[in-house]
Amino acid sequence: MGEEEGLHQTQLLDTMFVRGLKRKCFDGEEDIEGTLAGIKAIPSYNLQRQSLLDMSLVKLQLCHMLVEPNLCRSVLIANTVRQIQEEMTQDGTWQMVNTQSTGQASLDRLVSTDILCRSSREQAEGKLVPDYSTFNKDFESDQAQDSSETMSTASSVQAPRNLQSNVWEMENPQENKGSFQKSLDQIFETLENKSPNSVEDLFSEVDNSYYDLDTMLTGMMSNSKMGHCDGLETFSSPTTTTSSSNCKSDLNELDHIVEILVES
Amino acid sequence: ADIISTVEFNHTGELLATGDKGGRVVIFQREQESKNQPHRRGEYNVYSTFQSHEPEFDYLKSLEIEEKINKIRWLPQQNAAYFLLSTNDKTVKLWKVSERDKRPEGYNLKDEDGRLRDPSMITVLRVPVLRPMDLMVEATPRRVFANAHTYHINSISVNSDYETYMSADDLRINLWNFEITNQSFNIVDIKPANMEELTEVITAAEFHPHHCNTFVYSSSKGTIRLCDMRTAALCDRHAKFFEEPEDPSNRSFFSEIISSISDVKFSHSGRYIMTRDYLTVKVWDLNMENRPIETYQVHDYLRSKLCSLYENDCIFDKFECVWNGSDSVIMTGSYNNFFRMFDRNTKRDVTLEASRENSKPRAVLKPRKVCVGGKRRKDEISVDSLDFSKKILHTAWHPSENIIAVAATNNLYIFQDKVN
């Protein structure tokens, strides 16, 4: 997506958003059927909303600079992502995906949040990066009921592809696939390029927006509560990185995270 | 010249301080008005320049700490020297700026160059005397208030008791005593126990100009909280909560982002607060929490461009706002080097531009207009030709006269009332 192309797209988005959203408001939000009808009338609204979601996710990932990123900006973008997710859940757009993959309902909802934190955790841990390809294969061959290890890491990575591909089939497969795939690719590219050789490299790429010195110093080294998806949580200890040790806590964390997402 | 990141007049208006991205502070002083040239009112000239903050490296997090000066606040003058607070993301410093026009001469133990004299060669004792010298302005760091903020400092505010001040970062506000650098009180903490639940941050904070127990802080969700330090040590419970109900017809995915307050300022009288969000400036009466008493549209034509502005990150720009000395006019910046003034009494507003091409020295500024519709009149600028890289985020108004300082990227403009 060239710069000009991107610019044109956002100019389109501007007009789409102004029009599409107003219509949506007037269509009445209480009635889900009415909303769906409203959506069918403007199919492009979903497309543009998806673009906004992609853009937001990329923005969150691309704040890995040498200087600590702006927390206010990150929080605002994360809130926007949540808002879109909520709306998509209410629309039923999100819902459609659950029928495709068995037993992955809770995880699918976590997808975006996981991607929010994925980069920081992946890069920090480093170990997951080389194993990435094997996890993928495991997941593809064996849905859902695989070992909890794969579930905590690969599934959340894999799920977006499944999720998005299904949604795309509803609408406009080629375009959406391209744009979201690209943003995902960008994220994965940054992951794979990191060689966990030097510890300094690892640390320099950590998304420290939510890095809390307090937590670091008060003995997070032994904290096994650190779930697989810290989201906006601080990057805690680099030592407790083996996924197997986290898997049990991960499952509890997942429930916890689902609660938060659904409540918010 | 580096990008200017903060501008502030001192309490008399005699001095104007600017901080920049390179950690430098430049102070301008107003010339004494001379009777010989009455038409040439006091101009501001450079008085002192010093390096306030240096870039640092946090080894624990492997991150750079920017030396950019986020805010400068003056202390009221109590003796011949001037004092100001300057802060970057992590450290606040108290600087003393003083003049030296005499120097001691005739030391016994060292000669004029400062070299030590051989004590065995001294045969006569003398008393050093002060001799006049060329005026020298020197800035010395008197206090360094460090290691109290995990997150980035966005505001500092001197209390009306002149003994304490506060520093606010994204999640916490600390109260300091000027004399004590190794301790500070935490008076506000909005960090959630679980960072995953973080949805709101502190964006600005300020003490009440007269009541030393009262302060306000604004948030990224468009709310303002007024706190009274007498109620509790940790001011987690606000005394007043200011929030305007959302307009459902204007709702979009960007509603929250554009409602985020970038600046909050008490009026000089202490009766009102002014807040700046992305598209508007609002004036609130301290006695009415449910809505502002006045709302001014800064650049509403951007409302239809929010998605583009989100993509290029302009939607996160933090504009400041200022009151004039009598609280009758408010001013804030915009894009394309435009800045706006709103007269609260006459309800008139004006858009002016800070640029060299469009204004010669001593020429009266011409009002500008942005055209929204299709037909563009001559001298109007269409929304699409606005330059979003030229943003005026920082402005200052002289405490008693109609003199304003406008920072346009790396240029400082000082405008005065037209002399008749």
# chains A, B, ... in the order shown; residues from 1 in each chain; ligands from 1
>>> select_by_dssp(residues="region 95-303 of chain B", states="helix (DSSP H, G or I)", output="list in words")
Pro119, Ser120, Met121, Met195, Glu196, Glu197, Pro248, Ser249, Asn250, Ser255, Glu256, Ile257, Ile258, Ser259, Asp300, Tyr301, Leu302 and Arg303 of chain B
>>> interface_residues(of="chain B", to="chain A", cutoff="9 Å", atoms="only C-alpha atoms", output="number ranges by chain")
B: 60-66, 150-152, 170, 194-203, 220-221, 248-254, 256-257, 260, 303-308, 311, 316
>>> atom_distance(atom1="CA of Phe215 (chain B)", atom2="CA of Ile315 (chain B)")
27.3 Å
>>> residues_around(residues="Gly373 (chain B)", least_positions_apart="5", cutoff="12 Å", atoms="only C-alpha atoms", output="PyMOL selection string")
chain B and resi 301+380-384
>>> write_last_selection(atoms="N, CA and C atoms", output="compact mmCIF listing (two decimals), in the first residue's frame")
# COMPACT_ATOMS: atom_id res chain seq x y z
N TYR B 301 -13.86 22.78 11.18
CA TYR B 301 -13.77 22.22 9.82
C TYR B 301 -12.92 20.95 9.79
N GLU B 380 -8.94 33.66 1.34
CA GLU B 380 -9.32 32.55 2.19
C GLU B 380 -8.46 31.35 1.87
N ILE B 381 -8.35 30.48 2.83
CA ILE B 381 -7.55 29.26 2.63
C ILE B 381 -8.47 28.07 2.74
N SER B 382 -8.34 27.15 1.84
CA SER B 382 -9.22 25.98 1.90
C SER B 382 -8.62 24.97 2.87
N VAL B 383 -9.50 24.18 3.42
CA VAL B 383 -9.09 23.22 4.45
C VAL B 383 -8.00 22.28 3.93
N ASP B 384 -8.11 21.92 2.66
CA ASP B 384 -7.17 20.95 2.12
C ASP B 384 -5.78 21.51 1.91
>>> select_by_dssp(residues="region 125-338 of chain B", states="strand (DSSP E)", output="ChimeraX atom specification")
/B:129-145,153-158,164-169,172-177,185-189,202-207,214-219,224-228,240-242,263-266,272-276,280-285,294-297,321-323,329-333,338
>>> closest_residue(among="B:His268, B:Leu171, B:Ile3, B:Trp284", to="Ala193 (chain B)", atoms="only C-alpha atoms")
B:Leu171
>>> residues_around(residues="Asp134 (chain B)", least_positions_apart="4", cutoff="9 Å", atoms="only C-alpha atoms", output="list in words")
Arg100, Asp101 and Lys102 of chain B
>>> residues_around(residues="Asp263 (chain B)", least_positions_apart="3", cutoff="6 Å", atoms="only C-alpha atoms", output="tab-separated table (two decimals) with C-alpha atoms, in the first residue's frame")
chain	number	residue	atom	x	y	z
B	204	ALA	CA	-2.69	18.29	32.75
B	275	THR	CA	-9.90	23.42	28.96
B	276	ARG	CA	-8.65	22.66	25.48
B	320	GLU	CA	-2.33	24.73	25.02
>>> residues_around(residues="region 227-242 of chain B", least_positions_apart="2", cutoff="7 Å", atoms="only C-alpha atoms", output="list in words")
Asn186, Ile187, Val188, Asp189, Asn213, Thr214, Phe215, Val216, Thr223, Ile224, Arg225, Glu244, Glu289 and Asn290 of chain B
>>> write_last_selection(atoms="all heavy atoms", output="compact mmCIF listing (two decimals), in the first residue's frame")
# COMPACT_ATOMS: atom_id res chain seq x y z
N ASN B 186 2.88 11.80 47.22
CA ASN B 186 2.00 11.44 46.12
C ASN B 186 0.59 11.84 46.50
O ASN B 186 0.05 11.36 47.49
CB ASN B 186 2.10 9.93 45.85
CG ASN B 186 1.15 9.49 44.77
OD1 ASN B 186 0.27 8.69 44.98
ND2 ASN B 186 1.31 10.04 43.58
N ILE B 187 -0.01 12.74 45.74
CA ILE B 187 -1.36 13.20 46.10
C ILE B 187 -2.45 12.67 45.18
O ILE B 187 -3.62 12.71 45.52
CB ILE B 187 -1.43 14.74 46.17
CG1 ILE B 187 -0.90 15.37 44.87
CG2 ILE B 187 -0.67 15.26 47.36
CD1 ILE B 187 -1.03 16.88 44.84
N VAL B 188 -2.08 12.21 44.00
CA VAL B 188 -3.06 11.59 43.13
C VAL B 188 -2.40 10.38 42.48
O VAL B 188 -1.27 10.47 42.01
CB VAL B 188 -3.57 12.55 42.02
CG1 VAL B 188 -4.47 11.81 41.04
CG2 VAL B 188 -4.32 13.72 42.62
N ASP B 189 -3.15 9.27 42.47
CA ASP B 189 -2.63 8.06 41.84
C ASP B 189 -3.78 7.36 41.15
O ASP B 189 -4.67 6.84 41.82
CB ASP B 189 -1.99 7.15 42.90
CG ASP B 189 -1.24 5.98 42.27
OD1 ASP B 189 -1.52 5.66 41.10
OD2 ASP B 189 -0.39 5.38 42.95
N ASN B 213 -4.87 24.99 48.76
CA ASN B 213 -5.28 23.61 49.00
C ASN B 213 -6.00 23.00 47.80
O ASN B 213 -6.31 21.81 47.80
CB ASN B 213 -6.20 23.54 50.22
CG ASN B 213 -7.37 24.49 50.05
OD1 ASN B 213 -7.23 25.71 50.13
ND2 ASN B 213 -8.55 23.94 49.78
N THR B 214 -6.26 23.80 46.80
CA THR B 214 -7.09 23.35 45.68
C THR B 214 -6.29 23.21 44.40
O THR B 214 -5.46 24.07 44.09
CB THR B 214 -8.22 24.37 45.43
OG1 THR B 214 -8.94 24.56 46.64
CG2 THR B 214 -9.17 23.87 44.35
N PHE B 215 -6.55 22.13 43.67
CA PHE B 215 -5.94 21.99 42.36
C PHE B 215 -6.90 21.22 41.46
O PHE B 215 -7.85 20.58 41.95
CB PHE B 215 -4.58 21.29 42.45
CG PHE B 215 -4.63 19.85 42.90
CD1 PHE B 215 -4.71 18.82 41.97
CD2 PHE B 215 -4.58 19.53 44.25
CE1 PHE B 215 -4.74 17.49 42.38
CE2 PHE B 215 -4.61 18.21 44.67
CZ PHE B 215 -4.69 17.18 43.74
N VAL B 216 -6.66 21.28 40.17
CA VAL B 216 -7.46 20.52 39.22
C VAL B 216 -6.54 19.66 38.36
O VAL B 216 -5.37 20.01 38.18
CB VAL B 216 -8.29 21.42 38.27
CG1 VAL B 216 -9.37 22.15 39.02
CG2 VAL B 216 -7.41 22.36 37.50
N THR B 223 -12.54 14.76 31.17
CA THR B 223 -13.08 15.14 32.48
C THR B 223 -12.07 15.98 33.26
O THR B 223 -10.87 15.88 33.01
CB THR B 223 -13.43 13.91 33.33
OG1 THR B 223 -12.22 13.22 33.65
CG2 THR B 223 -14.35 12.97 32.58
N ILE B 224 -12.60 16.79 34.16
CA ILE B 224 -11.73 17.58 35.03
C ILE B 224 -12.11 17.28 36.48
O ILE B 224 -13.30 17.27 36.81
CB ILE B 224 -11.88 19.09 34.78
CG1 ILE B 224 -11.69 19.41 33.30
CG2 ILE B 224 -10.87 19.87 35.60
CD1 ILE B 224 -12.97 19.78 32.62
N ARG B 225 -11.13 17.05 37.30
CA ARG B 225 -11.41 16.81 38.71
C ARG B 225 -10.76 17.90 39.54
O ARG B 225 -9.60 18.24 39.33
CB ARG B 225 -10.86 15.45 39.14
CG ARG B 225 -11.65 14.29 38.60
CD ARG B 225 -10.93 12.97 38.88
NE ARG B 225 -11.69 11.83 38.42
CZ ARG B 225 -11.72 11.40 37.17
NH1 ARG B 225 -11.03 12.04 36.25
NH2 ARG B 225 -12.45 10.35 36.83
N GLU B 244 -18.88 17.16 30.52
CA GLU B 244 -20.02 17.54 29.70
C GLU B 244 -20.59 16.27 29.10
O GLU B 244 -19.84 15.44 28.58
CB GLU B 244 -19.57 18.49 28.58
CG GLU B 244 -20.72 19.03 27.76
CD GLU B 244 -20.29 20.07 26.76
OE1 GLU B 244 -19.10 20.07 26.37
OE2 GLU B 244 -21.13 20.88 26.34
N GLU B 289 -20.76 21.89 37.54
CA GLU B 289 -19.97 20.75 37.09
C GLU B 289 -20.54 20.03 35.89
O GLU B 289 -19.84 19.24 35.25
CB GLU B 289 -19.83 19.73 38.25
CG GLU B 289 -19.17 20.32 39.49
CD GLU B 289 -19.31 19.42 40.70
OE1 GLU B 289 -19.00 18.22 40.59
OE2 GLU B 289 -19.74 19.92 41.76
N ASN B 290 -21.79 20.26 35.59
CA ASN B 290 -22.38 19.38 34.58
C ASN B 290 -22.16 19.84 33.14
O ASN B 290 -22.37 19.08 32.21
CB ASN B 290 -23.87 19.17 34.85
CG ASN B 290 -24.62 20.49 34.89
OD1 ASN B 290 -24.03 21.55 34.85
ND2 ASN B 290 -25.93 20.39 34.95
>>> atom_distance(atom1="CA of Ile261 (chain B)", atom2="CA of Met274 (chain B)")
10.1 Å
>>> residues_around(residues="region 26-36 of chain B", least_positions_apart="4", cutoff="9 Å", atoms="only C-alpha atoms", output="ChimeraX atom specification")
/B:13-20,40-51
>>> closest_residue(among="B:Tyr162, B:Phe185, B:Phe207, B:Trp95", to="Pro141 (chain B)", atoms="only C-alpha atoms")
B:Trp95
>>> decode(residues="region 240-259 of chain B", atoms="C-alpha atoms", output="compact mmCIF listing (two decimals), in the first residue's frame")
# COMPACT_ATOMS: atom_id res chain seq x y z
CA LYS B 240 -15.78 18.29 42.09
CA PHE B 241 -16.08 16.44 38.83
CA PHE B 242 -16.55 18.38 35.61
CA GLU B 243 -17.81 16.56 32.58
CA GLU B 244 -20.02 17.54 29.70
CA PRO B 245 -22.48 14.91 28.54
CA GLU B 246 -21.66 13.57 25.12
CA ASP B 247 -23.55 14.84 22.11
CA PRO B 248 -25.04 11.70 20.57
CA SER B 249 -25.36 13.21 17.13
CA ASN B 250 -21.63 13.78 16.95
CA ARG B 251 -20.64 10.36 18.11
CA SER B 252 -17.92 8.54 16.21
CA PHE B 253 -15.01 6.25 16.88
CA PHE B 254 -12.94 9.37 17.43
CA SER B 255 -15.23 10.93 20.01
CA GLU B 256 -13.10 9.93 22.93
CA ILE B 257 -9.84 10.95 21.33
CA ILE B 258 -11.06 14.41 20.46
CA SER B 259 -12.56 14.86 23.91
